[in-house]
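Okay, my_file.txt now, which holds compact mmCIF, C-alpha atoms and all ligand atoms:
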# COMPACT_ATOMS: atom_id res chain seq x y z
CA MET A 1 107.26 92.56 119.15
CA VAL A 2 107.94 93.36 122.81
CA GLY A 3 105.07 94.98 124.64
CA GLU A 4 104.36 98.47 125.91
CA ILE A 5 105.96 99.76 129.12
CA THR A 6 103.58 102.31 130.60
CA VAL A 7 104.93 105.32 132.45
CA GLN A 8 103.57 103.86 135.70
CA GLU A 9 105.44 100.58 135.18
CA LEU A 10 108.64 102.24 134.00
CA ASP A 11 111.68 102.14 136.28
CA ALA A 12 113.78 104.66 134.35
CA GLU A 13 117.15 103.82 135.97
CA ARG A 14 116.72 100.13 135.29
CA PHE A 15 115.47 100.80 131.77
CA VAL A 16 118.59 102.88 131.02
CA LYS A 17 120.90 100.17 132.37
CA GLU A 18 119.22 97.38 130.43
CA LYS A 19 118.96 99.27 127.16
CA ALA A 20 122.57 100.48 127.37
CA GLU A 21 123.66 96.84 127.79
CA GLU A 22 121.53 95.76 124.84
CA ILE A 23 122.95 98.50 122.61
CA LYS A 24 126.51 97.60 123.61
CA HIS A 25 125.83 93.96 122.84
CA THR A 26 124.21 94.68 119.46
CA VAL A 27 126.90 97.07 118.22
CA GLY A 28 129.74 94.85 119.48
CA ASP A 29 133.07 96.52 118.81
CA GLY A 30 131.72 98.43 115.79
CA TRP A 31 130.35 101.94 115.38
CA ALA A 32 126.86 103.37 115.42
CA ILE A 33 125.49 106.63 114.16
CA ASN A 34 122.41 108.62 115.10
CA ALA A 35 120.59 111.72 113.97
CA LEU A 36 119.75 114.22 116.65
CA SER A 37 116.87 116.58 115.86
CA GLY A 38 116.63 118.00 119.36
CA GLY A 39 113.19 116.49 119.96
CA VAL A 40 112.54 114.58 123.17
CA ASP A 41 112.90 111.16 121.52
CA SER A 42 116.10 111.80 119.57
CA SER A 43 117.70 113.69 122.49
CA THR A 44 116.95 110.79 124.83
CA VAL A 45 118.27 108.20 122.42
CA THR A 46 121.43 110.27 121.89
CA MET A 47 122.16 110.29 125.63
CA LEU A 48 121.33 106.60 125.93
CA GLY A 49 123.60 105.76 122.99
CA HIS A 50 126.46 107.78 124.45
CA ARG A 51 125.97 106.07 127.80
CA ALA A 52 126.26 102.72 125.99
CA LEU A 53 128.91 103.43 123.35
CA GLY A 54 130.76 106.62 124.27
CA ASP A 55 132.89 107.78 121.33
CA ARG A 56 131.73 104.87 119.20
CA LEU A 57 128.44 106.68 118.63
CA LYS A 58 128.68 109.45 116.06
CA THR A 59 125.84 111.95 116.43
CA VAL A 60 124.83 114.21 113.55
CA PHE A 61 122.29 117.00 113.24
CA ILE A 62 120.87 116.98 109.71
CA GLU A 63 120.10 120.55 108.64
CA ASN A 64 117.26 119.70 106.26
CA GLY A 65 116.07 123.29 105.79
CA LEU A 66 112.81 122.37 107.54
CA MET A 67 113.84 123.15 111.12
CA ARG A 68 112.75 126.07 113.29
CA ALA A 69 114.71 129.33 113.54
CA GLY A 70 118.10 128.87 115.24
CA GLU A 71 117.39 125.21 115.96
CA ALA A 72 120.73 123.71 114.87
CA GLU A 73 122.84 126.14 116.92
CA GLN A 74 120.61 125.78 119.97
CA ILE A 75 120.61 121.98 120.01
CA VAL A 76 124.30 121.59 119.24
CA GLY A 77 124.95 124.05 122.10
CA PHE A 78 122.84 122.06 124.58
CA PHE A 79 124.68 118.85 123.76
CA ARG A 80 128.09 120.51 123.83
CA GLU A 81 127.34 121.39 127.45
CA LEU A 82 126.42 117.75 128.10
CA GLY A 83 129.77 116.67 126.65
CA VAL A 84 128.28 115.16 123.49
CA PRO A 85 129.84 116.36 120.23
CA VAL A 86 127.36 116.82 117.37
CA GLU A 87 128.28 117.33 113.74
CA VAL A 88 125.94 119.48 111.61
CA VAL A 89 125.38 118.14 108.10
CA ASP A 90 123.93 120.58 105.56
CA ALA A 91 121.42 118.69 103.39
CA ARG A 92 119.03 121.56 102.62
CA GLU A 93 119.33 121.30 98.86
CA GLU A 94 118.68 117.57 98.82
CA PHE A 95 115.50 117.87 100.89
CA PHE A 96 114.04 120.79 98.92
CA ALA A 97 114.85 119.04 95.64
CA ALA A 98 113.00 115.93 96.88
CA LEU A 99 109.98 117.98 98.02
CA LYS A 100 109.67 119.97 94.81
CA GLY A 101 106.20 119.77 93.26
CA ILE A 102 104.78 117.42 95.92
CA THR A 103 101.51 118.37 97.60
CA ASP A 104 100.07 115.06 98.82
CA PRO A 105 100.75 114.60 102.57
CA GLU A 106 101.84 110.97 102.40
CA GLU A 107 104.01 111.60 99.32
CA LYS A 108 105.67 114.46 101.20
CA ARG A 109 106.41 112.23 104.17
CA GLU A 110 107.68 109.54 101.80
CA ALA A 111 110.02 112.02 100.03
CA ILE A 112 111.48 113.13 103.37
CA THR A 113 111.90 109.53 104.51
CA ARG A 114 113.64 108.54 101.29
CA THR A 115 115.97 111.54 101.32
CA PHE A 116 116.83 111.05 104.98
CA TYR A 117 117.43 107.30 104.99
CA SER A 118 118.64 106.56 101.48
CA SER A 119 120.47 109.66 100.30
CA VAL A 120 121.73 111.52 103.36
CA PHE A 121 122.06 108.68 105.86
CA GLY A 122 123.14 106.14 103.29
CA ARG A 123 126.09 108.43 102.51
CA LEU A 124 126.90 109.21 106.15
CA VAL A 125 126.80 105.57 107.14
CA ARG A 126 129.06 104.57 104.25
CA GLU A 127 131.52 107.34 105.09
CA SER A 128 131.57 106.61 108.82
CA GLY A 129 131.80 102.82 108.53
CA ALA A 130 128.92 102.46 111.03
CA LYS A 131 126.77 99.36 110.73
CA HIS A 132 123.98 100.53 112.98
CA LEU A 133 121.67 103.50 113.09
CA LEU A 134 120.32 104.26 116.53
CA GLN A 135 116.93 105.92 116.49
CA GLY A 136 114.21 107.14 118.83
CA THR A 137 111.11 105.51 117.37
CA ILE A 138 108.34 105.30 120.00
CA LEU A 139 105.21 103.20 120.25
CA THR A 140 102.85 105.97 119.09
CA ASP A 141 104.83 106.30 115.83
CA ILE A 142 104.26 102.63 115.14
CA ASP A 143 100.58 102.61 116.10
CA GLU A 144 99.76 105.46 113.75
CA THR A 145 101.79 104.08 110.87
CA VAL A 146 100.36 100.60 111.16
CA ALA A 147 96.84 102.01 111.45
CA GLY A 148 97.51 103.83 108.17
CA ILE A 149 96.88 107.26 109.72
CA LYS A 150 100.26 108.83 109.08
CA ARG A 151 103.36 107.19 107.84
CA GLN A 152 105.86 108.23 110.50
CA HIS A 153 109.22 108.90 108.96
CA ASN A 154 110.98 106.32 111.09
CA VAL A 155 108.90 103.16 110.84
CA PHE A 156 110.00 100.30 108.55
CA GLU A 157 109.91 96.81 109.97
CA GLN A 158 106.20 97.03 110.80
CA LEU A 159 105.58 97.97 107.17
CA GLY A 160 107.57 94.98 105.94
CA ILE A 161 110.67 97.01 105.01
CA ASP A 162 114.04 95.53 105.99
CA PRO A 163 116.38 98.48 106.59
CA GLN A 164 119.43 96.28 106.06
CA GLU A 165 118.20 95.40 102.59
CA ALA A 166 116.74 98.80 101.75
CA PHE A 167 119.48 101.06 103.11
CA GLY A 168 122.46 98.84 104.00
CA TYR A 169 122.43 99.29 107.79
CA ARG A 170 120.59 98.00 110.83
CA ILE A 171 118.33 100.15 112.96
CA ILE A 172 118.33 99.95 116.77
CA GLU A 173 115.22 101.34 118.47
CA PRO A 174 115.60 101.25 122.26
CA LEU A 175 112.53 103.45 123.00
CA ILE A 176 110.07 101.39 121.01
CA GLN A 177 108.11 100.21 124.08
CA LEU A 178 107.55 103.72 125.42
CA ARG A 179 105.19 106.58 124.82
CA LYS A 180 106.10 110.24 125.10
CA ASP A 181 105.56 110.44 128.87
CA GLY A 182 107.85 107.43 129.39
CA VAL A 183 110.52 108.92 127.12
CA ARG A 184 110.54 112.14 129.18
CA LYS A 185 111.11 110.11 132.34
CA VAL A 186 114.04 108.24 130.73
CA GLY A 187 115.48 111.51 129.34
CA LYS A 188 115.40 113.02 132.81
CA ALA A 189 117.09 109.92 134.29
CA LEU A 190 119.85 110.30 131.67
CA GLY A 191 120.59 113.84 132.82
CA LEU A 192 118.98 115.82 130.00
CA PRO A 193 118.14 119.37 131.09
CA GLU A 194 114.42 120.10 131.52
CA ALA A 195 114.53 122.36 128.44
CA LEU A 196 115.17 119.17 126.45
CA PHE A 197 113.23 116.40 128.22
CA ASN A 198 110.19 118.64 128.61
CA ARG A 199 110.47 120.19 125.18
CA ILE A 200 107.22 120.18 123.25
CA PRO A 201 107.16 117.41 120.65
CA PHE A 202 108.32 118.30 117.15
CA PRO A 203 107.74 115.89 114.27
CA GLY A 204 110.44 114.18 112.21
CA PRO A 205 109.27 115.81 108.95
CA ALA A 206 109.67 119.10 110.85
CA LEU A 207 108.00 122.21 109.40
CA ALA A 208 107.04 120.26 106.26
CA ALA A 209 104.38 118.62 108.47
CA ARG A 210 103.00 122.12 109.04
CA VAL A 211 102.76 123.33 105.46
CA ILE A 212 99.64 122.18 103.62
CA GLY A 213 100.57 121.84 99.95
CA GLU A 214 104.06 122.22 98.51
CA ALA A 215 106.89 122.73 101.03
CA THR A 216 109.00 125.25 99.11
CA PRO A 217 111.81 127.22 100.82
CA ASP A 218 109.57 130.33 100.81
CA ARG A 219 106.55 128.59 102.29
CA ILE A 220 108.72 126.92 104.94
CA GLU A 221 110.12 130.35 105.81
CA THR A 222 106.55 131.68 106.24
CA VAL A 223 105.59 128.92 108.66
CA ARG A 224 108.97 129.27 110.43
CA LYS A 225 108.23 132.93 111.16
CA ALA A 226 104.70 132.15 112.36
CA THR A 227 106.10 129.32 114.51
CA GLU A 228 108.46 131.75 116.24
CA VAL A 229 105.51 133.93 117.23
CA ALA A 230 103.28 131.01 118.27
CA GLU A 231 106.01 129.39 120.37
CA ARG A 232 106.98 132.67 122.03
CA LEU A 233 103.39 133.54 122.97
CA LEU A 234 102.34 130.04 124.02
CA GLU A 235 105.49 128.99 125.86
CA GLY A 236 104.64 128.38 129.49
CA CYS A 237 100.90 127.94 128.81
CA GLY A 238 101.25 124.34 129.99
CA ALA A 239 99.89 122.75 126.81
CA PHE A 240 101.23 119.45 125.44
CA GLN A 241 102.08 120.95 122.04
CA TYR A 242 101.43 124.13 120.04
CA MET A 243 102.19 125.12 116.50
CA ALA A 244 101.48 127.26 113.46
CA ILE A 245 100.31 125.75 110.19
CA LEU A 246 100.38 127.36 106.75
CA HIS A 247 97.25 126.75 104.68
CA GLU A 248 97.19 126.27 100.95
CA ASP A 249 94.07 128.36 100.33
CA ARG A 250 94.40 132.08 99.92
CA VAL A 251 91.89 134.54 101.31
CA THR A 252 91.08 138.13 100.52
CA GLY A 253 92.53 140.67 102.91
CA ILE A 254 93.34 144.39 102.87
CA ARG A 255 96.76 145.93 103.28
CA ASP A 256 97.51 149.63 102.90
CA GLY A 257 93.95 150.18 101.65
CA LYS A 258 94.40 147.68 98.82
CA ARG A 259 93.10 144.19 98.23
CA ASP A 260 95.67 141.58 99.28
CA PHE A 261 94.88 137.99 98.29
CA GLY A 262 96.96 136.61 101.12
CA GLN A 263 97.91 133.51 103.05
CA GLN A 264 96.32 131.96 106.15
CA ILE A 265 97.98 130.64 109.27
CA GLU A 266 96.21 128.25 111.60
CA VAL A 267 97.33 128.06 115.22
CA ARG A 268 96.88 124.79 117.10
CA CYS A 269 97.41 124.27 120.81
CA TRP A 270 96.79 120.84 122.31
CA GLU A 271 96.02 119.28 125.65
CA SER A 272 97.22 115.68 125.61
CA VAL A 273 99.02 113.09 127.71
CA ASP A 274 100.42 110.73 125.10
CA ALA A 275 99.40 112.25 121.72
CA ARG A 276 96.91 109.47 121.04
CA THR A 277 93.99 111.75 121.79
CA ALA A 278 94.13 115.52 122.17
CA GLN A 279 91.82 118.46 122.84
CA PRO A 280 92.31 122.11 121.93
CA THR A 281 93.53 124.23 124.85
CA ARG A 282 91.01 126.79 126.14
CA LEU A 283 93.27 129.75 125.47
CA SER A 284 92.06 133.15 126.60
CA PHE A 285 90.68 135.42 123.93
CA ASP A 286 93.41 137.95 124.80
CA THR A 287 96.04 135.35 123.91
CA LEU A 288 94.25 134.45 120.69
CA GLU A 289 93.97 138.10 119.72
CA GLN A 290 97.65 138.67 120.43
CA LEU A 291 98.54 135.66 118.28
CA GLY A 292 96.47 137.08 115.45
CA GLN A 293 97.97 140.56 115.72
CA GLU A 294 101.58 139.46 116.00
CA ILE A 295 101.39 136.87 113.24
CA VAL A 296 99.87 139.25 110.68
CA ALA A 297 102.34 141.95 111.73
CA SER A 298 105.48 139.85 111.49
CA VAL A 299 104.81 137.26 108.79
CA PRO A 300 104.82 138.79 105.30
CA GLY A 301 101.89 137.78 103.10
CA VAL A 302 99.64 136.52 105.91
CA VAL A 303 96.23 138.19 106.20
CA SER A 304 94.27 135.64 108.26
CA VAL A 305 94.91 133.68 111.46
CA THR A 306 92.58 130.95 112.76
CA TYR A 307 92.57 128.75 115.86
CA ASN A 308 91.75 125.04 115.60
CA ILE A 309 88.90 123.98 117.87
CA ALA A 310 88.53 120.33 116.81
CA SER A 311 89.81 117.40 118.90
CA LYS A 312 91.94 114.40 117.93
CA PRO A 313 90.33 112.18 116.71
CA PRO A 314 89.16 112.94 114.06
CA SER A 315 91.72 115.74 113.83
CA THR A 316 95.42 114.88 114.20
CA ILE A 317 98.01 116.96 116.03
CA GLU A 318 100.03 117.91 112.95
CA ALA A 319 98.24 119.01 109.80
CA VAL A 320 100.12 116.85 107.29
P1 LIG B 401 99.72 113.32 114.91
O1 LIG B 401 99.85 114.46 113.97
O2 LIG B 401 99.85 112.01 114.22
O3 LIG B 401 100.95 113.45 115.89
O4 LIG B 401 98.48 113.42 115.75
C1 LIG B 401 101.13 112.68 117.05
C2 LIG B 401 102.42 113.11 117.67
O5 LIG B 401 103.53 112.64 116.89
C3 LIG B 401 104.27 113.73 116.37
N1 LIG B 401 104.57 113.38 114.97
C4 LIG B 401 105.71 112.81 114.57
N2 LIG B 401 106.81 112.48 115.25
N3 LIG B 401 107.77 111.65 113.27
C5 LIG B 401 107.84 111.93 114.59
O6 LIG B 401 108.87 111.65 115.19
C6 LIG B 401 106.70 111.95 112.50
O7 LIG B 401 106.67 111.68 111.31
C7 LIG B 401 105.61 112.56 113.21
N4 LIG B 401 104.40 112.99 112.80
C8 LIG B 401 103.77 113.48 113.90
C9 LIG B 401 103.40 114.95 116.48
O8 LIG B 401 104.17 116.13 116.60
C10 LIG B 401 102.61 114.63 117.73
O9 LIG B 401 103.32 114.93 118.91
Please go through the file and, once you have read it, give me the structure as structure tokens.
Amino acid sequence: MVGEITVQELDAERFVKEKAEEIKHTVGDGWAINALSGGVDSSTVTMLGHRALGDRLKTVFIENGLMRAGEAEQIVGFFRELGVPVEVVDAREEFFAALKGITDPEEKREAITRTFYSSVFGRLVRESGAKHLLQGTILTDIDETVAGIKRQHNVFEQLGIDPQEAFGYRIIEPLIQLRKDGVRKVGKALGLPEALFNRIPFPGPALAARVIGEATPDRIETVRKATEVAERLLEGCGAFQYMAILHEDRVTGIRDGKRDFGQQIEVRCWESVDARTAQPTRLSFDTLEQLGQEIVASVPGVVSVTYNIASKPPSTIEAV
């Protein structure tokens, strides 16, 4: 495998030129397809692919039911302004059917991977006639998968899986030598607005990575509401990443003078450079208190809010 390019070594303009040439060469006169989630990696790879292939790259946004509130509209809107058409594909039922009854974290990730690559993408690729899937895998994804920490949804070759054999298409991964800081630099060089290249990271398995236990539509909706509050209150705090997590355990609370055996939300806010190590942000107690008050007030069924104070490692950034 080709080695790491650190952010200090990275010449973003040259990187874009070289990778665009490579993509053009690999795809030849065929078509490629890519899934845009709106995260830094997939947004950057979308711009890079369009630079290389123009109309011969079809970009889709898979609505898997696990995204944040208003995410599809917002991302499609951003890219419309950049002149990149994005088709929204509704696959909510397929994802929730695949997640039904699963509580183990790795099995959950596996179910999302299978649904994404085999069912949804398999169909899209067949319909579009594309032979290549362009995707924004980065070095950290590979490190963690190979180390057996978390199976990132987008890593195959390093696990001995041949995508051509398994899914019927080839995968092109132009960002594989970079870490998050390098990807941001490339995204900026490609003309992404700051709201995209500086967006806080969001994982491929989306809100399912933030629900401990079964990711049902109701439980995803609970964490989605808590996420809205956490992101609104922590936006601009300068942290690397922040999130809300729904716990599986219930705790006793009181509502309207009655016992309410309710749900718990954990807030995490991380200081990190490249996601390999991370420390909890020293948020003010006023901010923490506001998070607690607003989450219990606006998320039905939640009676407890905690803040994570452990570092990575041994913690990880996402909970699943
Ligand atoms: P962890 O939780 O492993 O996360 O400490 C490290 C960074 O990676 C993001 N993350 C993912 N990104 N696919 C992705 O594209 C995934 O499956 C995935 N899991 C975690 C996470 O948000 C953090 O920035």
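If all atoms listed in the file are the atoms counted, then among A:Leu190, A:Val155, A:Ala72, A:Val7 the closest residue to A:His50 is A:Leu190.
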- Option closest in space to ligand LIG 401 (chain B), from A:Glu294, A:Asp104, A:Glu165, A:Asp141 [counting only C-alpha atoms and all ligand atoms]: A:Asp141
Each residue of chain A with at least one atom at most 9 Å from ligand LIG 401 (chain B) should appear once, together with its nearest atom pair and the corresponding distance in Å (one decimal); atoms considered: all atoms listed in the file; ordering: chain, then increasing residue number; output as JSON lines.
{"residue": "A:Gly39", "atom": "CA", "partner": "B:LIG401", "partner_atom": "O6", "distance": 8.1}
{"residue": "A:Asp41", "atom": "CA", "partner": "B:LIG401", "partner_atom": "O6", "distance": 7.5}
{"residue": "A:Ser42", "atom": "CA", "partner": "B:LIG401", "partner_atom": "O6", "distance": 8.5}
{"residue": "A:Arg109", "atom": "CA", "partner": "B:LIG401", "partner_atom": "O7", "distance": 7.2}
{"residue": "A:Thr113", "atom": "CA", "partner": "B:LIG401", "partner_atom": "O7", "distance": 8.8}
{"residue": "A:Gly136", "atom": "CA", "partner": "B:LIG401", "partner_atom": "O6", "distance": 7.9}
{"residue": "A:Thr137", "atom": "CA", "partner": "B:LIG401", "partner_atom": "O6", "distance": 6.9}
{"residue": "A:Ile138", "atom": "CA", "partner": "B:LIG401", "partner_atom": "O6", "distance": 8.0}
{"residue": "A:Thr140", "atom": "CA", "partner": "B:LIG401", "partner_atom": "O5", "distance": 7.1}
{"residue": "A:Asp141", "atom": "CA", "partner": "B:LIG401", "partner_atom": "C5", "distance": 6.5}
{"residue": "A:Glu144", "atom": "CA", "partner": "B:LIG401", "partner_atom": "O2", "distance": 6.6}
{"residue": "A:Thr145", "atom": "CA", "partner": "B:LIG401", "partner_atom": "O2", "distance": 8.8}
{"residue": "A:Ile149", "atom": "CA", "partner": "B:LIG401", "partner_atom": "O2", "distance": 7.2}
{"residue": "A:Lys150", "atom": "CA", "partner": "B:LIG401", "partner_atom": "O2", "distance": 6.1}
{"residue": "A:Arg151", "atom": "CA", "partner": "B:LIG401", "partner_atom": "O7", "distance": 6.6}
{"residue": "A:Gln152", "atom": "CA", "partner": "B:LIG401", "partner_atom": "O7", "distance": 3.6}
{"residue": "A:His153", "atom": "CA", "partner": "B:LIG401", "partner_atom": "O7", "distance": 4.4}
{"residue": "A:Asn154", "atom": "CA", "partner": "B:LIG401", "partner_atom": "N3", "distance": 6.6}
{"residue": "A:Val155", "atom": "CA", "partner": "B:LIG401", "partner_atom": "O7", "distance": 8.8}
{"residue": "A:Lys180", "atom": "CA", "partner": "B:LIG401", "partner_atom": "O9", "distance": 8.2}
{"residue": "A:Ile200", "atom": "CA", "partner": "B:LIG401", "partner_atom": "O9", "distance": 7.8}
{"residue": "A:Pro201", "atom": "CA", "partner": "B:LIG401", "partner_atom": "O9", "distance": 4.9}
{"residue": "A:Phe202", "atom": "CA", "partner": "B:LIG401", "partner_atom": "O8", "distance": 4.7}
{"residue": "A:Pro203", "atom": "CA", "partner": "B:LIG401", "partner_atom": "N2", "distance": 3.7}
{"residue": "A:Gly204", "atom": "CA", "partner": "B:LIG401", "partner_atom": "N3", "distance": 3.8}
{"residue": "A:Pro205", "atom": "CA", "partner": "B:LIG401", "partner_atom": "O7", "distance": 5.4}
{"residue": "A:Ala206", "atom": "CA", "partner": "B:LIG401", "partner_atom": "C6", "distance": 7.9}
{"residue": "A:Ala209", "atom": "CA", "partner": "B:LIG401", "partner_atom": "N4", "distance": 7.1}
{"residue": "A:Phe240", "atom": "CA", "partner": "B:LIG401", "partner_atom": "O9", "distance": 8.2}
{"residue": "A:Gln241", "atom": "CA", "partner": "B:LIG401", "partner_atom": "O9", "distance": 6.9}
{"residue": "A:Asp274", "atom": "CA", "partner": "B:LIG401", "partner_atom": "O9", "distance": 8.0}
{"residue": "A:Ala275", "atom": "CA", "partner": "B:LIG401", "partner_atom": "C1", "distance": 5.0}
{"residue": "A:Arg276", "atom": "CA", "partner": "B:LIG401", "partner_atom": "C1", "distance": 6.6}
{"residue": "A:Thr277", "atom": "CA", "partner": "B:LIG401", "partner_atom": "O4", "distance": 7.7}
{"residue": "A:Ala278", "atom": "CA", "partner": "B:LIG401", "partner_atom": "O4", "distance": 8.0}
{"residue": "A:Lys312", "atom": "CA", "partner": "B:LIG401", "partner_atom": "O4", "distance": 7.0}
{"residue": "A:Pro313", "atom": "CA", "partner": "B:LIG401", "partner_atom": "O4", "distance": 8.3}
{"residue": "A:Ser315", "atom": "CA", "partner": "B:LIG401", "partner_atom": "O4", "distance": 7.4}
{"residue": "A:Thr316", "atom": "CA", "partner": "B:LIG401", "partner_atom": "O4", "distance": 3.7}
{"residue": "A:Ile317", "atom": "CA", "partner": "B:LIG401", "partner_atom": "O4", "distance": 3.6}
{"residue": "A:Glu318", "atom": "CA", "partner": "B:LIG401", "partner_atom": "O1", "distance": 3.6}
{"residue": "A:Ala319", "atom": "CA", "partner": "B:LIG401", "partner_atom": "O1", "distance": 6.4}
{"residue": "A:Val320", "atom": "CA", "partner": "B:LIG401", "partner_atom": "O1", "distance": 7.1}
- Query: In Å, with one decimal, what is the gap from atom CA of A:Leu192 to atom CA of A:Glu87?
  - Reply: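 Atom CA of A:Leu192 sits 18.8 Å away from atom CA of A:Glu87.
You will find atom CA of A:Phe156 at 24.7 Å from atom CA of A:Ile212.
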Polymer residues at most 12 Å from A:Gln8, all atoms listed in the file, same-chain spacing of 6 or more positions, as a short mmCIF file (atom, residue, chain, number, x, y, z; two decimals) with C-alpha atoms, in the frame of the given file:
data_model
loop_
_atom_site.label_atom_id
_atom_site.label_comp_id
_atom_site.auth_asym_id
_atom_site.auth_seq_id
_atom_site.Cartn_x
_atom_site.Cartn_y
_atom_site.Cartn_z
CA LEU A 178 107.55 103.72 125.42
CA ARG A 179 105.19 106.58 124.82
CA ASP A 181 105.56 110.44 128.87
CA GLY A 182 107.85 107.43 129.39
CA LYS A 185 111.11 110.11 132.34
#
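Using all atoms listed in the file, the contacts of stretch 308-311 of chain A at a cut-off of 7 Å, with sequence neighbours closer than 4 positions omitted, comprise Glu266, Val267, Arg268, Ala278, Gln279, Pro280 and Ser315 of chain A.
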So that I have them on file, write out the residues from the current selection with C-alpha atoms, as a compact mmCIF listing (two decimals), keeping the file's coordinate frame.
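Final file, again_23.txt:
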# COMPACT_ATOMS: atom_id res chain seq x y z
CA GLU A 266 96.21 128.25 111.60
CA VAL A 267 97.33 128.06 115.22
CA ARG A 268 96.88 124.79 117.10
CA ALA A 278 94.13 115.52 122.17
CA GLN A 279 91.82 118.46 122.84
CA PRO A 280 92.31 122.11 121.93
CA SER A 315 91.72 115.74 113.83
Quick one: axis-aligned box around all listed atoms of stretch 228-246 of chain A, 5 Å on every side, centre and edge lengths in Å to one decimal, written as lines of an AutoDock Vina configuration file.
center_x = 104.2
center_y = 126.7
center_z = 118.4
size_x = 18.6
size_y = 24.5
size_z = 33.2
- Message: Measuring between all atoms listed in the file, which one of A:Val120, A:Glu13, A:Asp260, A:Ile23 shows the shortest distance to A:Ile171?
- Response: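 Residue with the minimum atom-to-atom distance to A:Ile171: A:Ile23.
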- Item | Nearby residues (only C-alpha atoms) at most 10 Å from A:Arg68, same-chain spacing under 6 positions excluded, as a list in words |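 In the requested form, the answer reads Phe202, Ala206, Leu207, Ile220, Glu221, Val223, Arg224, Lys225, Thr227 and Glu228 of chain A.
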- Task: Quick one: pull the distance between atom CA of A:Ser284 and atom CA of A:Cys237, Å, one decimal.
- Result: 10.5 Å
Keeping N, CA, C and O atoms (and nothing else), can you write stretch 114-126 of chain A of this structure as a PDB file, in the first residue's frame?
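Saved result, decode_35.pdb, follows:
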ATOM      1  N   ARG A 114     -23.387  -4.171   4.704  1.00  0.00           N
ATOM      2  CA  ARG A 114     -23.989  -5.103   3.742  1.00  0.00           C
ATOM      3  C   ARG A 114     -25.127  -4.416   2.979  1.00  0.00           C
ATOM      4  O   ARG A 114     -25.226  -4.508   1.760  1.00  0.00           O
ATOM      5  N   THR A 115     -25.969  -3.716   3.708  1.00  0.00           N
ATOM      6  CA  THR A 115     -27.115  -3.067   3.060  1.00  0.00           C
ATOM      7  C   THR A 115     -26.631  -2.017   2.068  1.00  0.00           C
ATOM      8  O   THR A 115     -27.108  -1.924   0.943  1.00  0.00           O
ATOM      9  N   PHE A 116     -25.645  -1.236   2.498  1.00  0.00           N
ATOM     10  CA  PHE A 116     -25.129  -0.161   1.657  1.00  0.00           C
ATOM     11  C   PHE A 116     -24.471  -0.703   0.383  1.00  0.00           C
ATOM     12  O   PHE A 116     -24.839  -0.322  -0.724  1.00  0.00           O
ATOM     13  N   TYR A 117     -23.523  -1.626   0.563  1.00  0.00           N
ATOM     14  CA  TYR A 117     -22.732  -2.067  -0.596  1.00  0.00           C
ATOM     15  C   TYR A 117     -23.435  -3.112  -1.444  1.00  0.00           C
ATOM     16  O   TYR A 117     -23.353  -3.056  -2.663  1.00  0.00           O
ATOM     17  N   SER A 118     -24.082  -4.084  -0.787  1.00  0.00           N
ATOM     18  CA  SER A 118     -24.673  -5.160  -1.595  1.00  0.00           C
ATOM     19  C   SER A 118     -26.049  -4.759  -2.106  1.00  0.00           C
ATOM     20  O   SER A 118     -26.276  -4.748  -3.306  1.00  0.00           O
ATOM     21  N   SER A 119     -26.951  -4.391  -1.196  1.00  0.00           N
ATOM     22  CA  SER A 119     -28.328  -4.156  -1.653  1.00  0.00           C
ATOM     23  C   SER A 119     -28.423  -2.826  -2.394  1.00  0.00           C
ATOM     24  O   SER A 119     -28.642  -2.788  -3.600  1.00  0.00           O
ATOM     25  N   VAL A 120     -28.224  -1.726  -1.675  1.00  0.00           N
ATOM     26  CA  VAL A 120     -28.508  -0.416  -2.265  1.00  0.00           C
ATOM     27  C   VAL A 120     -27.532  -0.087  -3.397  1.00  0.00           C
ATOM     28  O   VAL A 120     -27.940   0.200  -4.520  1.00  0.00           O
ATOM     29  N   PHE A 121     -26.241  -0.161  -3.113  1.00  0.00           N
ATOM     30  CA  PHE A 121     -25.271   0.185  -4.146  1.00  0.00           C
ATOM     31  C   PHE A 121     -25.199  -0.814  -5.272  1.00  0.00           C
ATOM     32  O   PHE A 121     -25.034  -0.447  -6.429  1.00  0.00           O
ATOM     33  N   GLY A 122     -25.344  -2.098  -4.922  1.00  0.00           N
ATOM     34  CA  GLY A 122     -25.357  -3.125  -5.959  1.00  0.00           C
ATOM     35  C   GLY A 122     -26.408  -2.766  -7.003  1.00  0.00           C
ATOM     36  O   GLY A 122     -26.153  -2.771  -8.213  1.00  0.00           O
ATOM     37  N   ARG A 123     -27.601  -2.384  -6.516  1.00  0.00           N
ATOM     38  CA  ARG A 123     -28.711  -2.039  -7.425  1.00  0.00           C
ATOM     39  C   ARG A 123     -28.398  -0.774  -8.220  1.00  0.00           C
ATOM     40  O   ARG A 123     -28.551  -0.728  -9.435  1.00  0.00           O
ATOM     41  N   LEU A 124     -27.894   0.259  -7.520  1.00  0.00           N
ATOM     42  CA  LEU A 124     -27.616   1.527  -8.203  1.00  0.00           C
ATOM     43  C   LEU A 124     -26.548   1.374  -9.279  1.00  0.00           C
ATOM     44  O   LEU A 124     -26.650   1.953 -10.357  1.00  0.00           O
ATOM     45  N   VAL A 125     -25.528   0.581  -8.946  1.00  0.00           N
ATOM     46  CA  VAL A 125     -24.439   0.379  -9.895  1.00  0.00           C
ATOM     47  C   VAL A 125     -24.965  -0.370 -11.122  1.00  0.00           C
ATOM     48  O   VAL A 125     -24.702   0.011 -12.257  1.00  0.00           O
ATOM     49  N   ARG A 126     -25.754  -1.405 -10.881  1.00  0.00           N
ATOM     50  CA  ARG A 126     -26.322  -2.160 -12.015  1.00  0.00           C
ATOM     51  C   ARG A 126     -27.171  -1.243 -12.885  1.00  0.00           C
ATOM     52  O   ARG A 126     -27.050  -1.238 -14.104  1.00  0.00           O
TER      53      ARG A 126
END
